[in-house]
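Have a look at target.cif below; it lists mmCIF, C-alpha atoms.
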```cif
data_target
loop_
_atom_site.label_atom_id
_atom_site.label_comp_id
_atom_site.auth_asym_id
_atom_site.auth_seq_id
_atom_site.Cartn_x
_atom_site.Cartn_y
_atom_site.Cartn_z
CA MET A 3 106.20 198.57 148.11
CA ASP A 4 103.84 200.08 145.51
CA TRP A 5 100.50 199.21 147.08
CA GLU A 6 98.62 200.93 144.27
CA GLN A 7 100.09 198.37 141.92
CA VAL A 8 99.02 195.60 144.32
CA ARG A 9 95.49 197.05 144.36
CA GLU A 10 95.35 196.96 140.56
CA GLN A 11 96.60 193.38 140.47
CA LEU A 12 93.98 192.23 142.99
CA GLU A 13 91.29 194.08 141.08
CA ALA A 14 92.23 192.15 137.95
CA ILE A 15 92.29 188.81 139.81
CA LEU A 16 88.98 189.34 141.62
CA ASN A 17 87.33 191.00 138.63
CA THR A 18 85.69 193.58 140.90
CA PRO A 19 86.61 197.15 142.00
CA VAL A 20 89.17 197.35 144.83
CA GLN A 21 89.58 200.63 146.71
CA THR A 22 92.03 201.95 149.29
CA THR A 23 91.08 203.71 152.51
CA ARG A 24 92.63 204.64 155.83
CA TRP A 25 91.46 204.16 159.40
CA ALA A 26 92.84 205.28 162.69
CA TRP A 27 95.00 202.39 163.91
CA ASP A 28 93.21 202.24 167.28
CA ALA A 29 89.84 202.07 165.51
CA TRP A 30 91.03 199.17 163.35
CA ARG A 31 92.35 197.33 166.40
CA ARG A 32 89.03 197.80 168.25
CA GLU A 33 87.04 196.64 165.23
CA THR A 34 89.14 193.52 164.67
CA GLU A 35 88.89 192.68 168.37
CA LYS A 36 85.14 193.11 168.19
CA HIS A 37 84.76 190.89 165.14
CA LYS A 38 87.58 188.39 165.72
CA ALA A 39 85.06 185.55 166.16
CA GLU A 40 83.88 186.03 162.58
CA PRO A 41 85.47 183.98 159.71
CA GLY A 42 88.63 185.77 158.68
CA GLY A 43 88.54 188.13 161.67
CA GLU A 44 91.97 186.97 162.77
CA GLY A 45 93.38 186.67 159.27
CA GLY A 46 93.90 190.33 158.43
CA SER A 47 90.40 191.10 157.14
CA LEU A 48 86.86 191.76 158.38
CA ILE A 49 83.43 192.73 157.05
CA ARG A 50 81.93 196.11 157.92
CA GLU A 51 78.68 197.46 156.41
CA GLY A 52 78.77 195.16 153.39
CA ARG A 53 82.43 195.89 152.62
CA LEU A 54 85.31 193.45 153.03
CA LEU A 55 88.34 195.22 154.51
CA PHE A 56 91.90 193.92 154.21
CA LEU A 57 94.75 195.27 156.29
CA VAL A 58 97.65 196.29 154.07
CA GLN A 59 99.98 197.75 156.68
CA LYS A 60 100.28 200.11 159.62
CA GLU A 61 101.55 203.58 158.72
CA GLY A 62 102.22 205.59 161.87
CA GLN A 63 98.89 205.80 163.71
CA GLU A 64 96.88 204.82 160.63
CA ALA A 65 95.89 201.51 159.05
CA LEU A 66 96.10 201.34 155.26
CA LEU A 67 93.24 199.14 153.99
CA LEU A 68 91.97 197.68 150.73
CA THR A 69 88.20 197.37 150.47
CA VAL A 70 85.91 195.41 148.19
CA GLN A 71 82.22 194.55 148.06
CA ALA A 72 81.85 191.61 150.48
CA ASP A 73 79.45 189.53 148.39
CA ALA A 74 81.78 189.76 145.37
CA VAL A 75 84.52 187.69 147.03
CA SER A 76 84.31 183.99 147.88
CA PRO A 77 85.83 182.59 151.11
CA VAL A 78 88.64 181.03 149.08
CA GLU A 79 89.41 184.33 147.32
CA ARG A 80 89.30 186.13 150.66
CA ARG A 81 91.93 183.82 152.12
CA LEU A 82 94.04 184.08 148.97
CA VAL A 83 94.05 187.89 149.19
CA GLU A 84 95.12 187.68 152.85
CA LEU A 85 97.98 185.37 151.91
CA THR A 86 98.99 187.59 149.00
CA LEU A 87 99.10 190.72 151.17
CA GLU A 88 101.04 188.88 153.87
CA SER A 89 103.51 187.72 151.22
CA ARG A 90 104.00 191.28 149.97
CA LYS A 91 104.58 192.58 153.49
CA MET A 92 107.18 189.91 154.17
CA GLN A 93 109.03 190.89 151.00
CA ASP A 94 109.41 194.42 152.44
CA LYS A 95 111.07 193.09 155.58
CA GLU A 96 114.61 191.78 155.90
CA PRO A 97 115.31 189.12 153.27
CA LEU A 98 114.57 185.62 154.50
CA SER A 99 116.85 182.70 153.86
CA LEU A 100 116.03 180.69 150.75
CA VAL A 101 114.91 177.75 152.89
CA ASN A 102 112.51 179.87 154.96
CA GLU A 103 111.14 181.50 151.83
CA GLU A 104 110.42 178.10 150.27
CA GLU A 105 108.72 176.95 153.48
CA ARG A 106 106.53 180.04 153.46
CA LYS A 107 105.49 179.48 149.86
CA ALA A 108 104.79 175.80 150.48
CA GLY A 109 102.72 176.78 153.51
CA MET A 110 100.59 179.09 151.36
CA VAL A 111 99.84 176.25 148.94
CA GLY A 112 99.07 173.94 151.86
CA ASP A 113 96.66 176.53 153.29
CA TRP A 114 94.89 176.76 149.94
CA LEU A 115 94.54 172.97 149.70
CA ARG A 116 93.09 172.78 153.22
CA THR A 117 90.65 175.57 152.45
CA GLN A 118 89.29 173.67 149.43
CA GLN A 119 88.78 170.61 151.60
CA GLU A 120 87.01 172.60 154.32
CA LEU A 121 84.66 173.95 151.65
CA GLY A 122 83.89 170.38 150.57
CA LEU A 123 85.02 170.92 146.98
CA THR A 124 85.81 167.97 144.71
CA GLN A 125 87.42 170.05 141.93
CA ALA A 126 89.44 173.24 142.22
CA GLU A 127 92.05 174.82 139.97
CA MET A 128 94.84 176.62 141.75
CA PRO A 129 95.03 180.40 141.15
CA ASP A 130 98.03 181.55 139.10
CA ALA A 131 99.19 183.67 142.03
CA LEU A 132 99.80 180.47 144.00
CA VAL A 133 101.07 178.35 141.10
CA SER A 134 103.86 180.85 140.51
CA GLN A 135 104.95 180.67 144.16
CA LEU A 136 106.43 177.18 143.68
CA SER A 137 106.73 177.22 139.87
CA LEU A 138 104.19 174.40 139.48
CA TYR A 139 103.88 174.65 135.70
CA SER A 140 105.72 171.45 134.70
CA LYS A 141 104.72 167.81 135.17
CA LYS A 142 105.31 166.43 138.66
CA ILE A 143 105.02 163.04 140.33
CA PRO A 144 102.82 163.44 143.43
CA LEU A 145 103.29 161.37 146.57
CA LEU A 146 101.37 161.55 149.82
CA LEU A 147 103.30 160.77 153.01
CA TYR A 148 101.69 160.02 156.35
CA GLY A 149 103.88 159.58 159.43
CA ASP A 150 102.36 156.90 161.63
CA TYR A 151 104.04 158.11 164.80
CA THR A 152 103.17 159.80 168.08
CA THR A 153 103.13 163.60 168.24
CA SER A 154 106.17 163.52 170.51
CA ARG A 155 108.23 162.24 167.56
CA ARG A 156 107.04 164.87 165.10
CA ALA A 157 109.37 165.37 162.16
CA HIS A 158 110.34 168.83 160.96
CA ASP A 159 109.58 169.93 157.41
CA ARG A 160 113.09 171.22 156.79
CA GLU A 161 114.72 167.96 157.84
CA LEU A 162 112.31 165.92 155.73
CA LYS A 163 112.89 168.06 152.64
CA LYS A 164 116.66 167.76 153.06
CA LEU A 165 116.32 163.98 153.34
CA LEU A 166 114.16 163.77 150.19
CA GLU A 167 116.55 165.86 148.13
CA SER A 168 119.50 163.82 149.32
CA PHE A 169 117.75 160.57 148.39
CA PHE A 170 116.69 161.68 144.91
CA ASP A 171 119.66 164.00 144.31
CA ALA A 172 117.15 166.49 142.91
CA ASP A 173 115.07 169.48 143.97
CA MET A 174 111.84 168.35 145.64
CA THR A 175 108.75 170.30 146.63
CA LEU A 176 107.38 169.54 150.10
CA ILE A 177 103.94 170.86 151.06
CA PRO A 178 102.77 170.28 154.65
CA LEU A 179 99.07 169.35 154.90
CA THR A 180 98.76 168.36 158.59
CA ASP A 181 101.17 167.65 161.45
CA LYS A 182 101.67 164.12 160.10
CA GLU A 183 100.88 164.50 156.42
CA TRP A 184 102.88 165.93 153.51
CA LEU A 185 102.45 166.24 149.77
CA ILE A 186 105.69 165.55 147.91
CA LEU A 187 106.23 166.68 144.31
CA GLY A 188 109.18 165.53 142.22
CA SER A 189 110.03 165.92 138.55
CA GLU A 190 109.60 162.97 136.18
CA LYS A 191 113.39 162.61 136.21
CA ILE A 192 113.22 160.83 139.58
CA MET A 193 111.81 157.76 137.77
CA SER A 194 115.03 157.27 135.79
CA MET A 195 117.65 158.11 138.38
CA ASP A 196 118.37 154.48 139.25
CA SER A 197 118.31 153.25 135.67
CA GLY A 198 121.84 154.37 134.84
CA ASP A 199 123.07 152.85 131.61
CA ASP A 200 121.05 149.66 132.04
CA LYS A 201 118.59 150.78 129.39
CA GLU A 202 118.02 147.28 128.08
CA ASP A 203 116.52 146.09 131.37
CA SER A 204 114.29 149.16 131.70
CA ASP A 205 112.85 149.05 128.16
CA GLY A 206 110.16 146.55 129.17
CA GLU A 207 109.09 148.51 132.25
CA THR A 208 105.70 150.18 132.31
CA LEU A 209 105.01 153.58 133.84
CA GLU A 210 103.42 151.78 136.77
CA ASP A 211 106.58 149.70 137.27
CA ARG A 212 108.76 152.81 137.40
CA LEU A 213 106.41 154.64 139.75
CA ALA A 214 106.26 151.59 142.02
CA ALA A 215 110.07 151.44 142.12
CA VAL A 216 110.18 155.11 143.17
CA GLY A 217 107.54 154.54 145.84
CA TYR A 218 109.03 151.39 147.35
CA GLY A 219 112.54 152.82 147.34
CA LEU A 220 111.44 156.03 149.03
CA HIS A 221 109.28 154.20 151.58
CA GLU A 222 112.14 151.91 152.59
CA MET A 223 114.47 154.88 153.05
CA LEU A 224 111.91 156.85 155.10
CA GLU A 225 111.22 153.96 157.47
CA ASN A 226 114.92 153.31 157.98
CA GLU A 227 116.28 156.86 158.05
CA TRP A 228 113.35 158.96 159.24
CA VAL A 229 110.95 158.36 162.17
CA GLY A 230 109.94 154.76 161.66
CA GLU A 231 106.60 153.52 160.39
CA CYS A 232 104.90 155.60 157.73
CA HIS A 233 102.47 155.21 154.84
CA LEU A 234 103.16 156.39 151.30
CA ALA A 235 100.83 156.72 148.30
CA ILE A 236 101.95 157.57 144.77
CA HIS A 237 100.02 158.67 141.71
CA TYR A 238 100.51 159.20 138.01
CA PRO A 239 102.34 162.38 136.87
CA ILE A 240 100.16 165.49 136.92
CA MET A 241 100.22 169.15 135.92
CA PRO A 242 99.97 170.80 139.37
CA ALA A 243 98.75 174.09 137.94
CA LYS A 244 95.60 172.31 136.75
CA SER A 245 95.04 169.29 138.99
CA LEU A 246 96.98 169.52 142.26
CA TYR A 247 93.89 169.52 144.48
CA ALA A 248 92.32 166.60 142.61
CA ALA A 249 95.59 164.68 142.95
CA VAL A 250 95.60 165.20 146.73
CA LEU A 251 92.04 163.83 146.97
CA GLN A 252 93.00 160.81 144.84
CA LEU A 253 96.12 160.15 146.90
CA ARG A 254 94.11 160.28 150.13
CA GLU A 255 91.56 157.88 148.68
CA THR A 256 94.35 155.54 147.59
CA MET A 257 95.90 155.57 151.06
CA MET A 258 92.52 155.03 152.73
CA LEU A 259 91.72 152.05 150.49
CA GLY A 260 95.17 150.55 150.98
CA ARG A 261 95.03 150.86 154.76
CA THR A 262 91.48 149.45 154.82
CA TYR A 263 91.86 146.43 152.55
CA HIS A 264 95.57 145.66 152.75
CA VAL A 265 96.45 145.87 156.43
CA GLY A 266 100.18 145.42 156.85
CA SER A 267 101.05 147.08 153.57
CA ASN A 268 102.39 150.63 153.85
CA MET A 269 102.95 151.40 150.15
CA HIS A 270 99.75 152.21 148.27
CA MET A 271 99.25 152.55 144.49
CA PRO A 272 95.92 153.28 142.73
CA TRP A 273 96.39 150.76 139.92
CA GLU A 274 96.55 147.99 142.52
CA LEU A 275 93.34 149.10 144.26
CA GLN A 276 90.80 149.31 141.44
CA LEU A 277 88.69 146.38 142.68
CA GLU A 278 88.88 147.75 146.23
CA ARG A 279 87.61 151.11 145.00
CA LEU A 280 84.54 149.47 143.45
CA VAL A 281 83.84 147.31 146.48
CA HIS A 282 84.24 150.16 148.96
CA VAL A 283 81.23 152.12 147.70
CA VAL A 284 78.86 149.14 148.08
CA PRO A 285 76.43 149.74 151.00
CA GLU A 286 77.28 147.83 154.19
CA ALA A 287 74.04 145.84 154.13
CA GLU A 288 74.77 144.61 150.62
CA LYS A 289 78.32 143.66 151.59
CA ALA A 290 77.01 141.54 154.46
CA SER A 291 74.38 139.95 152.22
CA PHE A 292 77.01 139.09 149.59
CA LEU A 293 79.21 137.36 152.15
CA GLU A 294 76.27 135.50 153.62
CA HIS A 295 75.24 134.09 150.24
CA VAL A 296 78.67 133.44 148.74
CA LEU A 297 80.44 131.88 151.72
CA LYS A 298 79.08 129.59 154.38
CA ARG A 299 80.93 129.02 157.67
CA LEU A 300 83.12 132.07 157.10
CA ASP A 301 85.45 131.64 160.07
CA VAL A 302 86.15 128.06 159.05
CA ALA A 303 86.61 128.86 155.38
CA PHE A 304 88.88 131.85 156.03
CA ASP A 305 91.28 130.58 158.67
CA ALA A 306 94.78 132.08 158.66
CA GLU A 307 96.34 129.30 156.58
CA THR A 308 93.60 129.45 153.94
CA MET A 309 93.78 133.24 153.70
CA THR A 310 97.54 133.15 153.16
CA THR A 311 97.21 130.38 150.58
CA LEU A 312 94.49 132.16 148.61
CA GLU A 313 96.26 135.53 148.70
CA GLN A 314 99.41 133.99 147.22
CA PHE A 315 97.35 131.99 144.72
CA PHE A 316 95.62 135.12 143.42
CA GLN A 317 98.80 137.19 143.51
CA LEU A 318 100.47 134.62 141.23
CA ASP A 319 97.57 134.57 138.75
CA CYS A 320 96.15 131.27 140.05
CA ASN A 321 99.29 129.39 139.05
CA VAL A 322 99.43 126.21 141.18
CA SER A 323 103.12 125.43 140.66
CA GLU A 324 104.35 128.97 141.33
CA THR A 325 102.13 129.31 144.40
CA ALA A 326 103.44 126.04 145.87
CA LYS A 327 107.01 127.28 145.38
CA LYS A 328 106.21 130.63 146.98
CA LEU A 329 104.63 128.92 150.00
CA TYR A 330 107.43 126.32 150.23
CA ILE A 331 104.93 123.45 150.10
CA HIS A 332 104.46 120.47 147.81
CA ARG A 333 102.16 120.96 144.84
CA ASN A 334 99.86 118.22 146.16
CA THR A 335 99.61 120.01 149.51
CA LEU A 336 98.39 123.13 147.75
CA LEU A 337 95.85 121.11 145.72
CA TYR A 338 94.62 119.53 148.96
CA ARG A 339 94.05 122.97 150.51
CA LEU A 340 92.17 124.20 147.43
CA ASP A 341 90.02 121.06 147.36
CA LYS A 342 89.29 121.46 151.06
CA PHE A 343 88.17 125.06 150.47
CA LYS A 344 85.96 123.88 147.60
CA HIS A 345 84.38 121.23 149.82
CA GLU A 346 83.65 123.76 152.59
CA THR A 347 82.32 126.57 150.39
CA GLY A 348 81.29 125.00 147.09
CA LEU A 349 83.67 127.38 145.30
CA ASP A 350 86.56 126.15 143.16
CA VAL A 351 89.07 129.00 142.89
CA ARG A 352 90.72 127.28 139.93
CA THR A 353 87.79 128.47 137.83
CA PHE A 354 87.60 132.12 136.78
CA ASN A 355 84.10 132.96 138.03
CA ASN A 356 84.62 131.36 141.44
CA ALA A 357 88.05 133.00 141.79
CA VAL A 358 86.48 136.44 141.23
CA LEU A 359 83.76 135.77 143.82
CA VAL A 360 86.26 134.56 146.41
CA LYS A 361 88.63 137.51 145.77
CA ILE A 362 85.79 139.98 146.44
CA ALA A 363 84.63 137.97 149.46
CA MET A 364 88.14 138.09 150.92
CA LEU A 365 88.27 141.88 150.61
CA LEU A 366 84.89 142.25 152.32
CA TYR A 367 85.65 139.68 154.99
CA LYS A 368 88.79 141.48 156.12
CA VAL A 369 86.83 144.69 156.65
CA THR A 370 83.68 143.22 158.21
CA LYS A 371 85.70 141.02 160.58
CA ARG A 372 87.61 144.03 161.92
CA LYS A 373 84.33 145.84 162.57
#
```

So, in terms of structure tokens, how does the structure I just supplied come out?
Amino acid sequence: MDWEQVREQLEAILNTPVQTTRWAWDAWRRETEKHKAEPGGEGGSLIREGRLLFLVQKEGQEALLLTVQADAVSPVERRLVELTLESRKMQDKEPLSLVNEEERKAGMVGDWLRTQQELGLTQAEMPDALVSQLSLYSKKIPLLLYGDYTTSRRAHDRELKKLLESFFDADMTLIPLTDKEWLILGSEKIMSMDSGDDKEDSDGETLEDRLAAVGYGLHEMLENEWVGECHLAIHYPIMPAKSLYAAVLQLRETMMLGRTYHVGSNMHMPWELQLERLVHVVPEAEKASFLEHVLKRLDVAFDAETMTTLEQFFQLDCNVSETAKKLYIHRNTLLYRLDKFKHETGLDVRTFNNAVLVKIAMLLYKVTKRK
């Protein structure tokens, strides 16, 4: 491997001088042991006298190092250089299988995403050196998968990737984030794979409809064919090279909101959680005050039958006839329940303003009752 070329490439990326030096191997080992408690001390680099030293490779009894001014490199850049050097060293070894190579590259991207989160960043653009690892230059549909299972049933990345590619009959990118969490990236083609020649039926579908179909289909397959219960969030197509980290944050927020406000639902989509997103940021004291003023006798007003009735009523756009059919009850029975709720709370959900108030109150009540 031409390490001089690597040095020049890193110098261009970091926009600061990068030099090479050599240490006695025993001296490097002693120094890394001495400083292993420091950030990065176990990751192939350490700081000595204001210089950041990266291990390139061992050559006989010497350690070949790259050095750079420590304060000129951010923690994220430091980790990226370590990953880049590790990647170069692995390329010099025996060729890995294609599957292992893809896992390694996905792991590098996952490490970068976790690093941004640890730094508390809300926006971060992926370096080109990482984008090129998985060819993330074209539009992708991002999904976040969380396996709601015990650690003893942990799924393996390779098996999951094989299952995804078999389901979609397409190449899929799988990036592990935690032991139970994965980022899945698929091309936009996966939205049209089930359409076939039935173009007439799909003409009226919105982007959200097609994304929902992908999500629900995948979730059903994963629960039946994989390890049981899991949660899945899907988002609009993105350009990973520009917005992969932001998409991960948005997917996690979507899953959190779905699990908080829609207990029992395991498929989460941002366009169905817009009201929940607004409500969630309201301070707890104000939530409690809202419920106290809007609804009296909460436990009576929101018994199980009433909650089910109102949820169906709102889901069907406050249509009395359709709601009665969905609940398998007579229309007059539904009207009786709505009148009873009006009598107990003073709120008639057949009017727009009252329906909005009750919808918000239901979201808050579910959360506050669990607490």

So how far away is CA of Gly112 (chain A) from CA of Thr262 (chain A), in Å? 25.8 Å

Skip region 11-14 of chain A itself and residues of its chain fewer than 3 positions away, then list as an NGL selection string all residues within 10 Å of it, counting only C-alpha atoms. :A and (5-8 or 17-21 or 68 or 70 or 83 or 86-87)

Correct to one decimal, the distance CA of Trp228 (chain A)-CA of Asp211 (chain A) is 24.8 Å

Name the closest residue to Asn268 (chain A) among the candidates A:Phe56, A:Tyr148, A:Phe354, A:Phe315; distances are taken between atoms, counting all atoms listed in the file. A:Tyr148

Please provide as a count of residues only all residues within 7 Å of region 232-243 of chain A, with the sequence filter that same-chain residues fewer than 5 positions apart are discarded (counting only C-alpha atoms). 26

Residue nearest Val250 (chain A) - candidates A:Ala126, A:Leu165, A:Leu277, A:Val360, atoms counted: only C-alpha atoms: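 Nearest to Val250 (chain A): A:Ala126.
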
Selection dump of the PyMOL selection byres ((chain A and resi 297) around 10), as a PyMOL selection string: chain A and resi 292-296+298-301+303-304+346-349+359-360+363-364+367

For Arg160 (chain A), which residue out of A:Glu207, A:Glu104, A:Glu33, A:Glu61 is the nearest one, using all atoms listed in the file? A:Glu104

Counting only C-alpha atoms, which residues come within 12 Å of (101.9, 174.6, 149.9), with the point read in the file's coordinates, and could you list them as a ChimeraX atom specification? /A:85,103-117,128,132-138,159,175-180,184-187,242,246-247,250

Among the residues A:Leu166, A:Val78, A:Val58, A:Leu66, the one that comes closest to Arg24 (chain A) [using all atoms listed in the file]: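 Going through A:Leu166, A:Val78, A:Val58, A:Leu66 one by one, the smallest distance to Arg24 (chain A) is for A:Leu66.
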
Who sits within 10 Å of region 170-173 of chain A, only C-alpha atoms, same chain under 6 positions skipped, as a list of chain:residue names: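 In the requested form, the answer reads A:Lys163, A:Lys164, A:Leu187, A:Gly188, A:Ser189, A:Lys191, A:Ile192, A:Met193, A:Met195, A:Asp196, A:Val216, A:Leu220.
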
Selected residue, from A:Glu324, A:Glu210, A:Glu274, A:Asp350, that lies nearest to Leu259 (chain A) when counting all atoms listed in the file: A:Glu274

When distances are computed from all atoms listed in the file, which of A:Glu288, A:Asp341, A:Glu278, A:Glu51 shows the smallest separation from Gly260 (chain A)?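 Between A:Glu288, A:Asp341, A:Glu278, A:Glu51, the residue approaching Gly260 (chain A) most closely is A:Glu278.
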
Can you spell out as a PDB file with C-alpha atoms, in the frame of the given file the set of residues that the PyMOL selection byres ((chain A and resi 52) around 9) selects in the structure I just provided?
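Everything below was put into part-v8.pdb:
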```
ATOM      1  CA  ILE A  49      83.430 192.730 157.050  1.00  0.00           C
ATOM      2  CA  ARG A  50      81.930 196.110 157.920  1.00  0.00           C
ATOM      3  CA  GLU A  51      78.680 197.460 156.410  1.00  0.00           C
ATOM      4  CA  ARG A  53      82.430 195.890 152.620  1.00  0.00           C
ATOM      5  CA  LEU A  54      85.310 193.450 153.030  1.00  0.00           C
ATOM      6  CA  VAL A  70      85.910 195.410 148.190  1.00  0.00           C
ATOM      7  CA  GLN A  71      82.220 194.550 148.060  1.00  0.00           C
ATOM      8  CA  ALA A  72      81.850 191.610 150.480  1.00  0.00           C
ATOM      9  CA  ASP A  73      79.450 189.530 148.390  1.00  0.00           C
TER      10      ASP A  73
END
```
